[in-house]
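Shown next: coords_29.pdb, containing PDB, N, CA and C atoms.
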```pdb
ATOM      1  N   MET A   2       4.846 -88.364 -84.688  1.00  0.00           N
ATOM      2  CA  MET A   2       4.633 -87.334 -85.668  1.00  0.00           C
ATOM      3  C   MET A   2       5.176 -86.016 -85.107  1.00  0.00           C
ATOM      4  N   GLU A   3       5.972 -85.323 -85.914  1.00  0.00           N
ATOM      5  CA  GLU A   3       6.586 -84.074 -85.470  1.00  0.00           C
ATOM      6  C   GLU A   3       6.268 -82.926 -86.418  1.00  0.00           C
ATOM      7  N   PHE A   4       6.228 -81.734 -85.871  1.00  0.00           N
ATOM      8  CA  PHE A   4       6.096 -80.506 -86.655  1.00  0.00           C
ATOM      9  C   PHE A   4       7.023 -79.487 -86.022  1.00  0.00           C
ATOM     10  N   LEU A   5       7.942 -78.963 -86.799  1.00  0.00           N
ATOM     11  CA  LEU A   5       8.960 -78.024 -86.317  1.00  0.00           C
ATOM     12  C   LEU A   5       9.796 -78.637 -85.190  1.00  0.00           C
ATOM     13  N   GLY A   6      10.015 -79.944 -85.263  1.00  0.00           N
ATOM     14  CA  GLY A   6      10.831 -80.622 -84.264  1.00  0.00           C
ATOM     15  C   GLY A   6      10.131 -80.891 -82.947  1.00  0.00           C
ATOM     16  N   ILE A   7       8.827 -80.641 -82.897  1.00  0.00           N
ATOM     17  CA  ILE A   7       8.066 -80.865 -81.666  1.00  0.00           C
ATOM     18  C   ILE A   7       7.011 -81.932 -81.949  1.00  0.00           C
ATOM     19  N   VAL A   8       6.931 -82.921 -81.070  1.00  0.00           N
ATOM     20  CA  VAL A   8       5.976 -84.010 -81.277  1.00  0.00           C
ATOM     21  C   VAL A   8       4.551 -83.521 -81.017  1.00  0.00           C
ATOM     22  N   LEU A   9       3.590 -84.213 -81.616  1.00  0.00           N
ATOM     23  CA  LEU A   9       2.179 -83.845 -81.521  1.00  0.00           C
ATOM     24  C   LEU A   9       1.703 -83.742 -80.076  1.00  0.00           C
ATOM     25  N   THR A  10       2.155 -84.646 -79.234  1.00  0.00           N
ATOM     26  CA  THR A  10       1.745 -84.627 -77.828  1.00  0.00           C
ATOM     27  C   THR A  10       2.106 -83.299 -77.167  1.00  0.00           C
ATOM     28  N   GLU A  11       3.302 -82.808 -77.445  1.00  0.00           N
ATOM     29  CA  GLU A  11       3.713 -81.530 -76.864  1.00  0.00           C
ATOM     30  C   GLU A  11       2.896 -80.373 -77.425  1.00  0.00           C
ATOM     31  N   TRP A  12       2.561 -80.425 -78.715  1.00  0.00           N
ATOM     32  CA  TRP A  12       1.720 -79.377 -79.308  1.00  0.00           C
ATOM     33  C   TRP A  12       0.379 -79.299 -78.601  1.00  0.00           C
ATOM     34  N   VAL A  13      -0.205 -80.450 -78.309  1.00  0.00           N
ATOM     35  CA  VAL A  13      -1.487 -80.470 -77.597  1.00  0.00           C
ATOM     36  C   VAL A  13      -1.313 -79.856 -76.209  1.00  0.00           C
ATOM     37  N   GLY A  14      -0.231 -80.194 -75.535  1.00  0.00           N
ATOM     38  CA  GLY A  14       0.049 -79.622 -74.219  1.00  0.00           C
ATOM     39  C   GLY A  14       0.237 -78.112 -74.275  1.00  0.00           C
ATOM     40  N   TYR A  15       0.963 -77.627 -75.278  1.00  0.00           N
ATOM     41  CA  TYR A  15       1.157 -76.180 -75.435  1.00  0.00           C
ATOM     42  C   TYR A  15      -0.153 -75.465 -75.747  1.00  0.00           C
ATOM     43  N   ALA A  16      -0.984 -76.079 -76.597  1.00  0.00           N
ATOM     44  CA  ALA A  16      -2.287 -75.476 -76.926  1.00  0.00           C
ATOM     45  C   ALA A  16      -3.173 -75.409 -75.687  1.00  0.00           C
ATOM     46  N   ALA A  17      -3.148 -76.469 -74.881  1.00  0.00           N
ATOM     47  CA  ALA A  17      -3.930 -76.486 -73.633  1.00  0.00           C
ATOM     48  C   ALA A  17      -3.453 -75.396 -72.690  1.00  0.00           C
ATOM     49  N   MET A  18      -2.145 -75.261 -72.548  1.00  0.00           N
ATOM     50  CA  MET A  18      -1.574 -74.243 -71.674  1.00  0.00           C
ATOM     51  C   MET A  18      -1.964 -72.847 -72.157  1.00  0.00           C
ATOM     52  N   ALA A  19      -1.882 -72.615 -73.463  1.00  0.00           N
ATOM     53  CA  ALA A  19      -2.220 -71.300 -74.017  1.00  0.00           C
ATOM     54  C   ALA A  19      -3.691 -70.968 -73.777  1.00  0.00           C
ATOM     55  N   ALA A  20      -4.578 -71.934 -74.023  1.00  0.00           N
ATOM     56  CA  ALA A  20      -6.011 -71.701 -73.814  1.00  0.00           C
ATOM     57  C   ALA A  20      -6.297 -71.388 -72.345  1.00  0.00           C
ATOM     58  N   LEU A  21      -5.653 -72.112 -71.446  1.00  0.00           N
ATOM     59  CA  LEU A  21      -5.862 -71.876 -70.018  1.00  0.00           C
ATOM     60  C   LEU A  21      -5.381 -70.484 -69.616  1.00  0.00           C
ATOM     61  N   LEU A  22      -4.214 -70.099 -70.079  1.00  0.00           N
ATOM     62  CA  LEU A  22      -3.691 -68.770 -69.756  1.00  0.00           C
ATOM     63  C   LEU A  22      -4.568 -67.662 -70.337  1.00  0.00           C
ATOM     64  N   ILE A  23      -5.008 -67.841 -71.569  1.00  0.00           N
ATOM     65  CA  ILE A  23      -5.881 -66.849 -72.211  1.00  0.00           C
ATOM     66  C   ILE A  23      -7.193 -66.733 -71.451  1.00  0.00           C
ATOM     67  N   SER A  24      -7.716 -67.858 -70.974  1.00  0.00           N
ATOM     68  CA  SER A  24      -9.004 -67.825 -70.271  1.00  0.00           C
ATOM     69  C   SER A  24      -8.951 -66.940 -69.031  1.00  0.00           C
ATOM     70  N   PHE A  25      -7.811 -66.889 -68.371  1.00  0.00           N
ATOM     71  CA  PHE A  25      -7.706 -66.085 -67.157  1.00  0.00           C
ATOM     72  C   PHE A  25      -7.528 -64.597 -67.425  1.00  0.00           C
ATOM     73  N   MET A  26      -7.414 -64.239 -68.699  1.00  0.00           N
ATOM     74  CA  MET A  26      -7.356 -62.816 -69.053  1.00  0.00           C
ATOM     75  C   MET A  26      -8.728 -62.270 -69.436  1.00  0.00           C
ATOM     76  N   MET A  27      -9.737 -63.135 -69.459  1.00  0.00           N
ATOM     77  CA  MET A  27     -11.087 -62.741 -69.841  1.00  0.00           C
ATOM     78  C   MET A  27     -11.775 -61.996 -68.698  1.00  0.00           C
ATOM     79  N   LYS A  28     -12.527 -60.970 -69.043  1.00  0.00           N
ATOM     80  CA  LYS A  28     -13.310 -60.243 -68.035  1.00  0.00           C
ATOM     81  C   LYS A  28     -14.706 -60.834 -67.916  1.00  0.00           C
ATOM     82  N   ASP A  29     -15.253 -61.321 -69.018  1.00  0.00           N
ATOM     83  CA  ASP A  29     -16.581 -61.931 -69.037  1.00  0.00           C
ATOM     84  C   ASP A  29     -16.465 -63.366 -68.524  1.00  0.00           C
ATOM     85  N   VAL A  30     -17.187 -63.695 -67.469  1.00  0.00           N
ATOM     86  CA  VAL A  30     -17.089 -65.009 -66.834  1.00  0.00           C
ATOM     87  C   VAL A  30     -17.508 -66.131 -67.785  1.00  0.00           C
ATOM     88  N   ASN A  31     -18.539 -65.910 -68.594  1.00  0.00           N
ATOM     89  CA  ASN A  31     -18.960 -66.962 -69.526  1.00  0.00           C
ATOM     90  C   ASN A  31     -17.886 -67.247 -70.570  1.00  0.00           C
ATOM     91  N   LYS A  32     -17.255 -66.200 -71.094  1.00  0.00           N
ATOM     92  CA  LYS A  32     -16.169 -66.405 -72.061  1.00  0.00           C
ATOM     93  C   LYS A  32     -14.997 -67.116 -71.388  1.00  0.00           C
ATOM     94  N   LEU A  33     -14.709 -66.730 -70.149  1.00  0.00           N
ATOM     95  CA  LEU A  33     -13.645 -67.387 -69.395  1.00  0.00           C
ATOM     96  C   LEU A  33     -13.937 -68.881 -69.286  1.00  0.00           C
ATOM     97  N   ARG A  34     -15.154 -69.224 -68.923  1.00  0.00           N
ATOM     98  CA  ARG A  34     -15.516 -70.641 -68.759  1.00  0.00           C
ATOM     99  C   ARG A  34     -15.443 -71.407 -70.088  1.00  0.00           C
ATOM    100  N   ILE A  35     -15.838 -70.774 -71.189  1.00  0.00           N
ATOM    101  CA  ILE A  35     -15.792 -71.438 -72.494  1.00  0.00           C
ATOM    102  C   ILE A  35     -14.349 -71.715 -72.911  1.00  0.00           C
ATOM    103  N   VAL A  36     -13.508 -70.693 -72.839  1.00  0.00           N
ATOM    104  CA  VAL A  36     -12.102 -70.866 -73.228  1.00  0.00           C
ATOM    105  C   VAL A  36     -11.397 -71.810 -72.261  1.00  0.00           C
ATOM    106  N   ASN A  37     -11.705 -71.724 -70.975  1.00  0.00           N
ATOM    107  CA  ASN A  37     -11.130 -72.610 -69.980  1.00  0.00           C
ATOM    108  C   ASN A  37     -11.542 -74.057 -70.248  1.00  0.00           C
ATOM    109  N   THR A  38     -12.785 -74.267 -70.642  1.00  0.00           N
ATOM    110  CA  THR A  38     -13.258 -75.615 -70.961  1.00  0.00           C
ATOM    111  C   THR A  38     -12.493 -76.185 -72.139  1.00  0.00           C
ATOM    112  N   ILE A  39     -12.245 -75.364 -73.161  1.00  0.00           N
ATOM    113  CA  ILE A  39     -11.463 -75.822 -74.317  1.00  0.00           C
ATOM    114  C   ILE A  39     -10.066 -76.234 -73.862  1.00  0.00           C
ATOM    115  N   GLY A  40      -9.446 -75.413 -73.019  1.00  0.00           N
ATOM    116  CA  GLY A  40      -8.128 -75.753 -72.490  1.00  0.00           C
ATOM    117  C   GLY A  40      -8.136 -77.040 -71.686  1.00  0.00           C
ATOM    118  N   CYS A  41      -9.162 -77.217 -70.877  1.00  0.00           N
ATOM    119  CA  CYS A  41      -9.262 -78.433 -70.058  1.00  0.00           C
ATOM    120  C   CYS A  41      -9.469 -79.678 -70.911  1.00  0.00           C
ATOM    121  N   VAL A  42     -10.283 -79.561 -71.956  1.00  0.00           N
ATOM    122  CA  VAL A  42     -10.483 -80.698 -72.869  1.00  0.00           C
ATOM    123  C   VAL A  42      -9.153 -81.044 -73.546  1.00  0.00           C
ATOM    124  N   LEU A  43      -8.396 -80.024 -73.934  1.00  0.00           N
ATOM    125  CA  LEU A  43      -7.076 -80.281 -74.516  1.00  0.00           C
ATOM    126  C   LEU A  43      -6.146 -80.940 -73.497  1.00  0.00           C
ATOM    127  N   PHE A  44      -6.229 -80.526 -72.228  1.00  0.00           N
ATOM    128  CA  PHE A  44      -5.410 -81.157 -71.193  1.00  0.00           C
ATOM    129  C   PHE A  44      -5.823 -82.611 -70.957  1.00  0.00           C
ATOM    130  N   VAL A  45      -7.109 -82.907 -71.026  1.00  0.00           N
ATOM    131  CA  VAL A  45      -7.558 -84.298 -70.895  1.00  0.00           C
ATOM    132  C   VAL A  45      -6.984 -85.123 -72.052  1.00  0.00           C
ATOM    133  N   THR A  46      -7.063 -84.575 -73.261  1.00  0.00           N
ATOM    134  CA  THR A  46      -6.487 -85.247 -74.434  1.00  0.00           C
ATOM    135  C   THR A  46      -4.986 -85.461 -74.229  1.00  0.00           C
ATOM    136  N   TYR A  47      -4.306 -84.433 -73.760  1.00  0.00           N
ATOM    137  CA  TYR A  47      -2.868 -84.500 -73.483  1.00  0.00           C
ATOM    138  C   TYR A  47      -2.575 -85.592 -72.447  1.00  0.00           C
ATOM    139  N   GLY A  48      -3.399 -85.674 -71.419  1.00  0.00           N
ATOM    140  CA  GLY A  48      -3.216 -86.697 -70.392  1.00  0.00           C
ATOM    141  C   GLY A  48      -3.303 -88.104 -70.956  1.00  0.00           C
ATOM    142  N   PHE A  49      -4.238 -88.318 -71.885  1.00  0.00           N
ATOM    143  CA  PHE A  49      -4.343 -89.637 -72.519  1.00  0.00           C
ATOM    144  C   PHE A  49      -3.170 -89.887 -73.466  1.00  0.00           C
ATOM    145  N   MET A  50      -2.690 -88.841 -74.111  1.00  0.00           N
ATOM    146  CA  MET A  50      -1.551 -88.990 -75.019  1.00  0.00           C
ATOM    147  C   MET A  50      -0.262 -89.315 -74.257  1.00  0.00           C
ATOM    148  N   LEU A  51      -0.211 -88.995 -72.980  1.00  0.00           N
ATOM    149  CA  LEU A  51       0.947 -89.307 -72.140  1.00  0.00           C
ATOM    150  C   LEU A  51       0.828 -90.699 -71.516  1.00  0.00           C
ATOM    151  N   GLN A  52       0.167 -91.596 -72.167  1.00  0.00           N
ATOM    152  CA  GLN A  52      -0.071 -92.947 -71.657  1.00  0.00           C
ATOM    153  C   GLN A  52      -0.823 -92.899 -70.336  1.00  0.00           C
ATOM    154  N   THR A  53      -1.882 -92.148 -70.333  1.00  0.00           N
ATOM    155  CA  THR A  53      -2.839 -92.064 -69.241  1.00  0.00           C
ATOM    156  C   THR A  53      -2.248 -91.468 -67.967  1.00  0.00           C
ATOM    157  N   ALA A  54      -2.095 -90.156 -67.975  1.00  0.00           N
ATOM    158  CA  ALA A  54      -1.652 -89.413 -66.794  1.00  0.00           C
ATOM    159  C   ALA A  54      -2.912 -89.028 -66.012  1.00  0.00           C
ATOM    160  N   TRP A  55      -3.314 -89.897 -65.086  1.00  0.00           N
ATOM    161  CA  TRP A  55      -4.594 -89.740 -64.389  1.00  0.00           C
ATOM    162  C   TRP A  55      -4.764 -88.432 -63.636  1.00  0.00           C
ATOM    163  N   PRO A  56      -3.760 -87.898 -62.966  1.00  0.00           N
ATOM    164  CA  PRO A  56      -3.979 -86.611 -62.280  1.00  0.00           C
ATOM    165  C   PRO A  56      -4.383 -85.488 -63.242  1.00  0.00           C
ATOM    166  N   ILE A  57      -3.788 -85.463 -64.419  1.00  0.00           N
ATOM    167  CA  ILE A  57      -4.140 -84.454 -65.426  1.00  0.00           C
ATOM    168  C   ILE A  57      -5.553 -84.691 -65.936  1.00  0.00           C
ATOM    169  N   ILE A  58      -5.878 -85.930 -66.218  1.00  0.00           N
ATOM    170  CA  ILE A  58      -7.194 -86.286 -66.775  1.00  0.00           C
ATOM    171  C   ILE A  58      -8.303 -86.004 -65.769  1.00  0.00           C
ATOM    172  N   ILE A  59      -8.126 -86.455 -64.534  1.00  0.00           N
ATOM    173  CA  ILE A  59      -9.183 -86.313 -63.527  1.00  0.00           C
ATOM    174  C   ILE A  59      -9.416 -84.848 -63.163  1.00  0.00           C
ATOM    175  N   SER A  60      -8.350 -84.105 -62.899  1.00  0.00           N
ATOM    176  CA  SER A  60      -8.536 -82.711 -62.485  1.00  0.00           C
ATOM    177  C   SER A  60      -9.151 -81.863 -63.586  1.00  0.00           C
ATOM    178  N   ASN A  61      -8.676 -82.012 -64.801  1.00  0.00           N
ATOM    179  CA  ASN A  61      -9.216 -81.204 -65.890  1.00  0.00           C
ATOM    180  C   ASN A  61     -10.590 -81.690 -66.334  1.00  0.00           C
ATOM    181  N   GLY A  62     -10.850 -82.978 -66.238  1.00  0.00           N
ATOM    182  CA  GLY A  62     -12.188 -83.495 -66.526  1.00  0.00           C
ATOM    183  C   GLY A  62     -13.210 -82.943 -65.548  1.00  0.00           C
ATOM    184  N   ALA A  63     -12.818 -82.864 -64.278  1.00  0.00           N
ATOM    185  CA  ALA A  63     -13.719 -82.298 -63.264  1.00  0.00           C
ATOM    186  C   ALA A  63     -13.995 -80.824 -63.544  1.00  0.00           C
ATOM    187  N   ILE A  64     -12.974 -80.085 -63.946  1.00  0.00           N
ATOM    188  CA  ILE A  64     -13.159 -78.667 -64.257  1.00  0.00           C
ATOM    189  C   ILE A  64     -14.085 -78.489 -65.453  1.00  0.00           C
ATOM    190  N   VAL A  65     -13.996 -79.383 -66.438  1.00  0.00           N
ATOM    191  CA  VAL A  65     -14.909 -79.320 -67.593  1.00  0.00           C
ATOM    192  C   VAL A  65     -16.352 -79.434 -67.112  1.00  0.00           C
ATOM    193  N   PHE A  66     -16.623 -80.397 -66.248  1.00  0.00           N
ATOM    194  CA  PHE A  66     -17.987 -80.581 -65.752  1.00  0.00           C
ATOM    195  C   PHE A  66     -18.452 -79.400 -64.902  1.00  0.00           C
ATOM    196  N   ILE A  67     -17.560 -78.839 -64.107  1.00  0.00           N
ATOM    197  CA  ILE A  67     -17.911 -77.654 -63.312  1.00  0.00           C
ATOM    198  C   ILE A  67     -18.244 -76.478 -64.224  1.00  0.00           C
ATOM    199  N   ASN A  68     -17.411 -76.256 -65.240  1.00  0.00           N
ATOM    200  CA  ASN A  68     -17.671 -75.172 -66.190  1.00  0.00           C
ATOM    201  C   ASN A  68     -18.996 -75.386 -66.921  1.00  0.00           C
ATOM    202  N   LEU A  69     -19.237 -76.606 -67.367  1.00  0.00           N
ATOM    203  CA  LEU A  69     -20.496 -76.891 -68.073  1.00  0.00           C
ATOM    204  C   LEU A  69     -21.701 -76.697 -67.161  1.00  0.00           C
ATOM    205  N   TYR A  70     -21.571 -77.057 -65.895  1.00  0.00           N
ATOM    206  CA  TYR A  70     -22.648 -76.855 -64.941  1.00  0.00           C
ATOM    207  C   TYR A  70     -23.021 -75.372 -64.878  1.00  0.00           C
ATOM    208  N   TYR A  71     -22.008 -74.519 -64.728  1.00  0.00           N
ATOM    209  CA  TYR A  71     -22.287 -73.082 -64.627  1.00  0.00           C
ATOM    210  C   TYR A  71     -22.718 -72.465 -65.947  1.00  0.00           C
ATOM    211  N   LEU A  72     -22.230 -73.009 -67.068  1.00  0.00           N
ATOM    212  CA  LEU A  72     -22.611 -72.463 -68.375  1.00  0.00           C
ATOM    213  C   LEU A  72     -24.018 -72.887 -68.796  1.00  0.00           C
ATOM    214  N   VAL A  73     -24.383 -74.136 -68.500  1.00  0.00           N
ATOM    215  CA  VAL A  73     -25.649 -74.683 -68.997  1.00  0.00           C
ATOM    216  C   VAL A  73     -26.758 -74.632 -67.953  1.00  0.00           C
ATOM    217  N   ILE A  74     -26.463 -75.081 -66.749  1.00  0.00           N
ATOM    218  CA  ILE A  74     -27.524 -75.184 -65.727  1.00  0.00           C
ATOM    219  C   ILE A  74     -27.700 -73.878 -64.968  1.00  0.00           C
ATOM    220  N   LYS A  75     -26.634 -73.316 -64.452  1.00  0.00           N
ATOM    221  CA  LYS A  75     -26.717 -72.090 -63.657  1.00  0.00           C
ATOM    222  C   LYS A  75     -26.850 -70.836 -64.527  1.00  0.00           C
ATOM    223  N   LYS A  76     -26.272 -70.878 -65.721  1.00  0.00           N
ATOM    224  CA  LYS A  76     -26.298 -69.731 -66.644  1.00  0.00           C
ATOM    225  C   LYS A  76     -25.941 -68.432 -65.954  1.00  0.00           C
ATOM    226  N   SER A  77     -24.714 -68.423 -65.389  1.00  0.00           N
ATOM    227  CA  SER A  77     -24.238 -67.249 -64.630  1.00  0.00           C
ATOM    228  C   SER A  77     -24.073 -66.004 -65.463  1.00  0.00           C
TER     229      SER A  77
END
```
Same coordinates, now as structure tokens:
Amino acid sequence: MEFLGIVLTEWVGYAAMAALLISFMMKDVNKLRIVNTIGCVLFVTYGFMLQTAWPIIISNGAIVFINLYYLVIKKS
């Protein structure tokens, strides 16, 4: 499936990259973690769309859990 000549898999990758970059411009740590988590979830999705790119899936999945730990349990 393509939109503007770009396949869906690449769109997911671009959205993940944009969310990650935007997250690092945040001054509020909680907002940074929320936007970063969205980017990481998109990267995990992207990793599965690439016929299971485990380094992408594992690293970003771990970051999701770290972010959730600080957002929910530690409440920084």
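A straight line drawn from atom C of Lys75 of chain A to atom CA of Ala19 of chain A is 26.4 Å long.
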**Item:** Residue members of the PyMOL selection byres (((chain A and resi 47 and name CA) around 8) and name CA) in the file shown, as a ChimeraX atom specification
**Value:** /A:10-11,13-14,43-46,48-51
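Nearest residue to Asn61 of chain A, choosing from A:Leu22, A:Cys41, A:Ile35, A:Met27 and counting only N, CA and C atoms: A:Cys41.
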**Separation of atom N of Met18 of chain A from atom N of Phe4 of chain A in Å** = 17.0 Å
**Message:** Expand the PyMOL selection byres ((chain A and resi 38) around 8) into the explicit residue set it covers here, and present it as a PyMOL selection string.
**Reply:** chain A and resi 20-21+24+32-37+39-44+64-66+68-69
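Of note, atom CA of Leu72 of chain A and atom C of Asp29 of chain A are spaced 11.0 Å apart.
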Missing atoms in segment 39-49 of chain A: can you complete it with all heavy atoms, as an mmCIF file, in the frame of the given file?
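Output contents, as saved in result_31.cif:
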```cif
data_model
loop_
_atom_site.group_PDB
_atom_site.id
_atom_site.type_symbol
_atom_site.label_atom_id
_atom_site.label_comp_id
_atom_site.auth_asym_id
_atom_site.auth_seq_id
_atom_site.Cartn_x
_atom_site.Cartn_y
_atom_site.Cartn_z
ATOM 1 N N ILE A 39 -12.245 -75.364 -73.161
ATOM 2 C CA ILE A 39 -11.463 -75.822 -74.317
ATOM 3 C C ILE A 39 -10.066 -76.234 -73.862
ATOM 4 O O ILE A 39 -9.559 -77.299 -74.249
ATOM 5 C CB ILE A 39 -11.400 -74.717 -75.395
ATOM 6 C CG1 ILE A 39 -12.789 -74.500 -75.999
ATOM 7 C CG2 ILE A 39 -10.377 -75.066 -76.482
ATOM 8 C CD1 ILE A 39 -12.918 -73.236 -76.838
ATOM 9 N N GLY A 40 -9.446 -75.413 -73.019
ATOM 10 C CA GLY A 40 -8.128 -75.753 -72.490
ATOM 11 C C GLY A 40 -8.136 -77.040 -71.686
ATOM 12 O O GLY A 40 -7.238 -77.875 -71.817
ATOM 13 N N CYS A 41 -9.162 -77.217 -70.877
ATOM 14 C CA CYS A 41 -9.262 -78.433 -70.058
ATOM 15 C C CYS A 41 -9.469 -79.678 -70.911
ATOM 16 O O CYS A 41 -8.894 -80.733 -70.623
ATOM 17 C CB CYS A 41 -10.375 -78.285 -69.031
ATOM 18 S SG CYS A 41 -9.957 -77.150 -67.703
ATOM 19 N N VAL A 42 -10.283 -79.561 -71.956
ATOM 20 C CA VAL A 42 -10.483 -80.698 -72.869
ATOM 21 C C VAL A 42 -9.153 -81.044 -73.546
ATOM 22 O O VAL A 42 -8.813 -82.228 -73.696
ATOM 23 C CB VAL A 42 -11.591 -80.388 -73.910
ATOM 24 C CG1 VAL A 42 -11.596 -81.416 -75.024
ATOM 25 C CG2 VAL A 42 -12.946 -80.323 -73.230
ATOM 26 N N LEU A 43 -8.396 -80.024 -73.934
ATOM 27 C CA LEU A 43 -7.076 -80.281 -74.516
ATOM 28 C C LEU A 43 -6.146 -80.940 -73.497
ATOM 29 O O LEU A 43 -5.372 -81.837 -73.842
ATOM 30 C CB LEU A 43 -6.462 -78.978 -75.036
ATOM 31 C CG LEU A 43 -7.067 -78.431 -76.324
ATOM 32 C CD1 LEU A 43 -6.574 -77.011 -76.585
ATOM 33 C CD2 LEU A 43 -6.726 -79.333 -77.496
ATOM 34 N N PHE A 44 -6.229 -80.526 -72.228
ATOM 35 C CA PHE A 44 -5.410 -81.157 -71.193
ATOM 36 C C PHE A 44 -5.823 -82.611 -70.957
ATOM 37 O O PHE A 44 -4.963 -83.462 -70.707
ATOM 38 C CB PHE A 44 -5.451 -80.377 -69.880
ATOM 39 C CG PHE A 44 -4.313 -79.417 -69.720
ATOM 40 C CD1 PHE A 44 -4.546 -78.078 -69.511
ATOM 41 C CD2 PHE A 44 -2.995 -79.849 -69.779
ATOM 42 C CE1 PHE A 44 -3.509 -77.175 -69.365
ATOM 43 C CE2 PHE A 44 -1.932 -78.966 -69.636
ATOM 44 C CZ PHE A 44 -2.200 -77.625 -69.433
ATOM 45 N N VAL A 45 -7.109 -82.907 -71.026
ATOM 46 C CA VAL A 45 -7.558 -84.298 -70.895
ATOM 47 C C VAL A 45 -6.984 -85.123 -72.052
ATOM 48 O O VAL A 45 -6.469 -86.231 -71.844
ATOM 49 C CB VAL A 45 -9.101 -84.392 -70.847
ATOM 50 C CG1 VAL A 45 -9.572 -85.820 -70.993
ATOM 51 C CG2 VAL A 45 -9.625 -83.791 -69.544
ATOM 52 N N THR A 46 -7.063 -84.575 -73.261
ATOM 53 C CA THR A 46 -6.487 -85.247 -74.434
ATOM 54 C C THR A 46 -4.986 -85.461 -74.229
ATOM 55 O O THR A 46 -4.458 -86.546 -74.488
ATOM 56 C CB THR A 46 -6.736 -84.405 -75.701
ATOM 57 O OG1 THR A 46 -8.132 -84.180 -75.832
ATOM 58 C CG2 THR A 46 -6.200 -85.089 -76.941
ATOM 59 N N TYR A 47 -4.306 -84.433 -73.760
ATOM 60 C CA TYR A 47 -2.868 -84.500 -73.483
ATOM 61 C C TYR A 47 -2.575 -85.592 -72.447
ATOM 62 O O TYR A 47 -1.622 -86.357 -72.601
ATOM 63 C CB TYR A 47 -2.406 -83.131 -72.989
ATOM 64 C CG TYR A 47 -0.957 -83.016 -72.613
ATOM 65 C CD1 TYR A 47 0.053 -83.155 -73.560
ATOM 66 C CD2 TYR A 47 -0.585 -82.722 -71.297
ATOM 67 C CE1 TYR A 47 1.383 -83.012 -73.215
ATOM 68 C CE2 TYR A 47 0.741 -82.571 -70.942
ATOM 69 C CZ TYR A 47 1.723 -82.718 -71.905
ATOM 70 O OH TYR A 47 3.037 -82.576 -71.557
ATOM 71 N N GLY A 48 -3.399 -85.674 -71.419
ATOM 72 C CA GLY A 48 -3.216 -86.697 -70.392
ATOM 73 C C GLY A 48 -3.303 -88.104 -70.956
ATOM 74 O O GLY A 48 -2.525 -88.986 -70.586
ATOM 75 N N PHE A 49 -4.238 -88.318 -71.885
ATOM 76 C CA PHE A 49 -4.343 -89.637 -72.519
ATOM 77 C C PHE A 49 -3.170 -89.887 -73.466
ATOM 78 O O PHE A 49 -2.698 -91.019 -73.601
ATOM 79 C CB PHE A 49 -5.672 -89.786 -73.267
ATOM 80 C CG PHE A 49 -6.813 -90.136 -72.363
ATOM 81 C CD1 PHE A 49 -7.840 -89.244 -72.149
ATOM 82 C CD2 PHE A 49 -6.872 -91.367 -71.723
ATOM 83 C CE1 PHE A 49 -8.899 -89.555 -71.317
ATOM 84 C CE2 PHE A 49 -7.922 -91.698 -70.881
ATOM 85 C CZ PHE A 49 -8.941 -90.783 -70.678
#
```
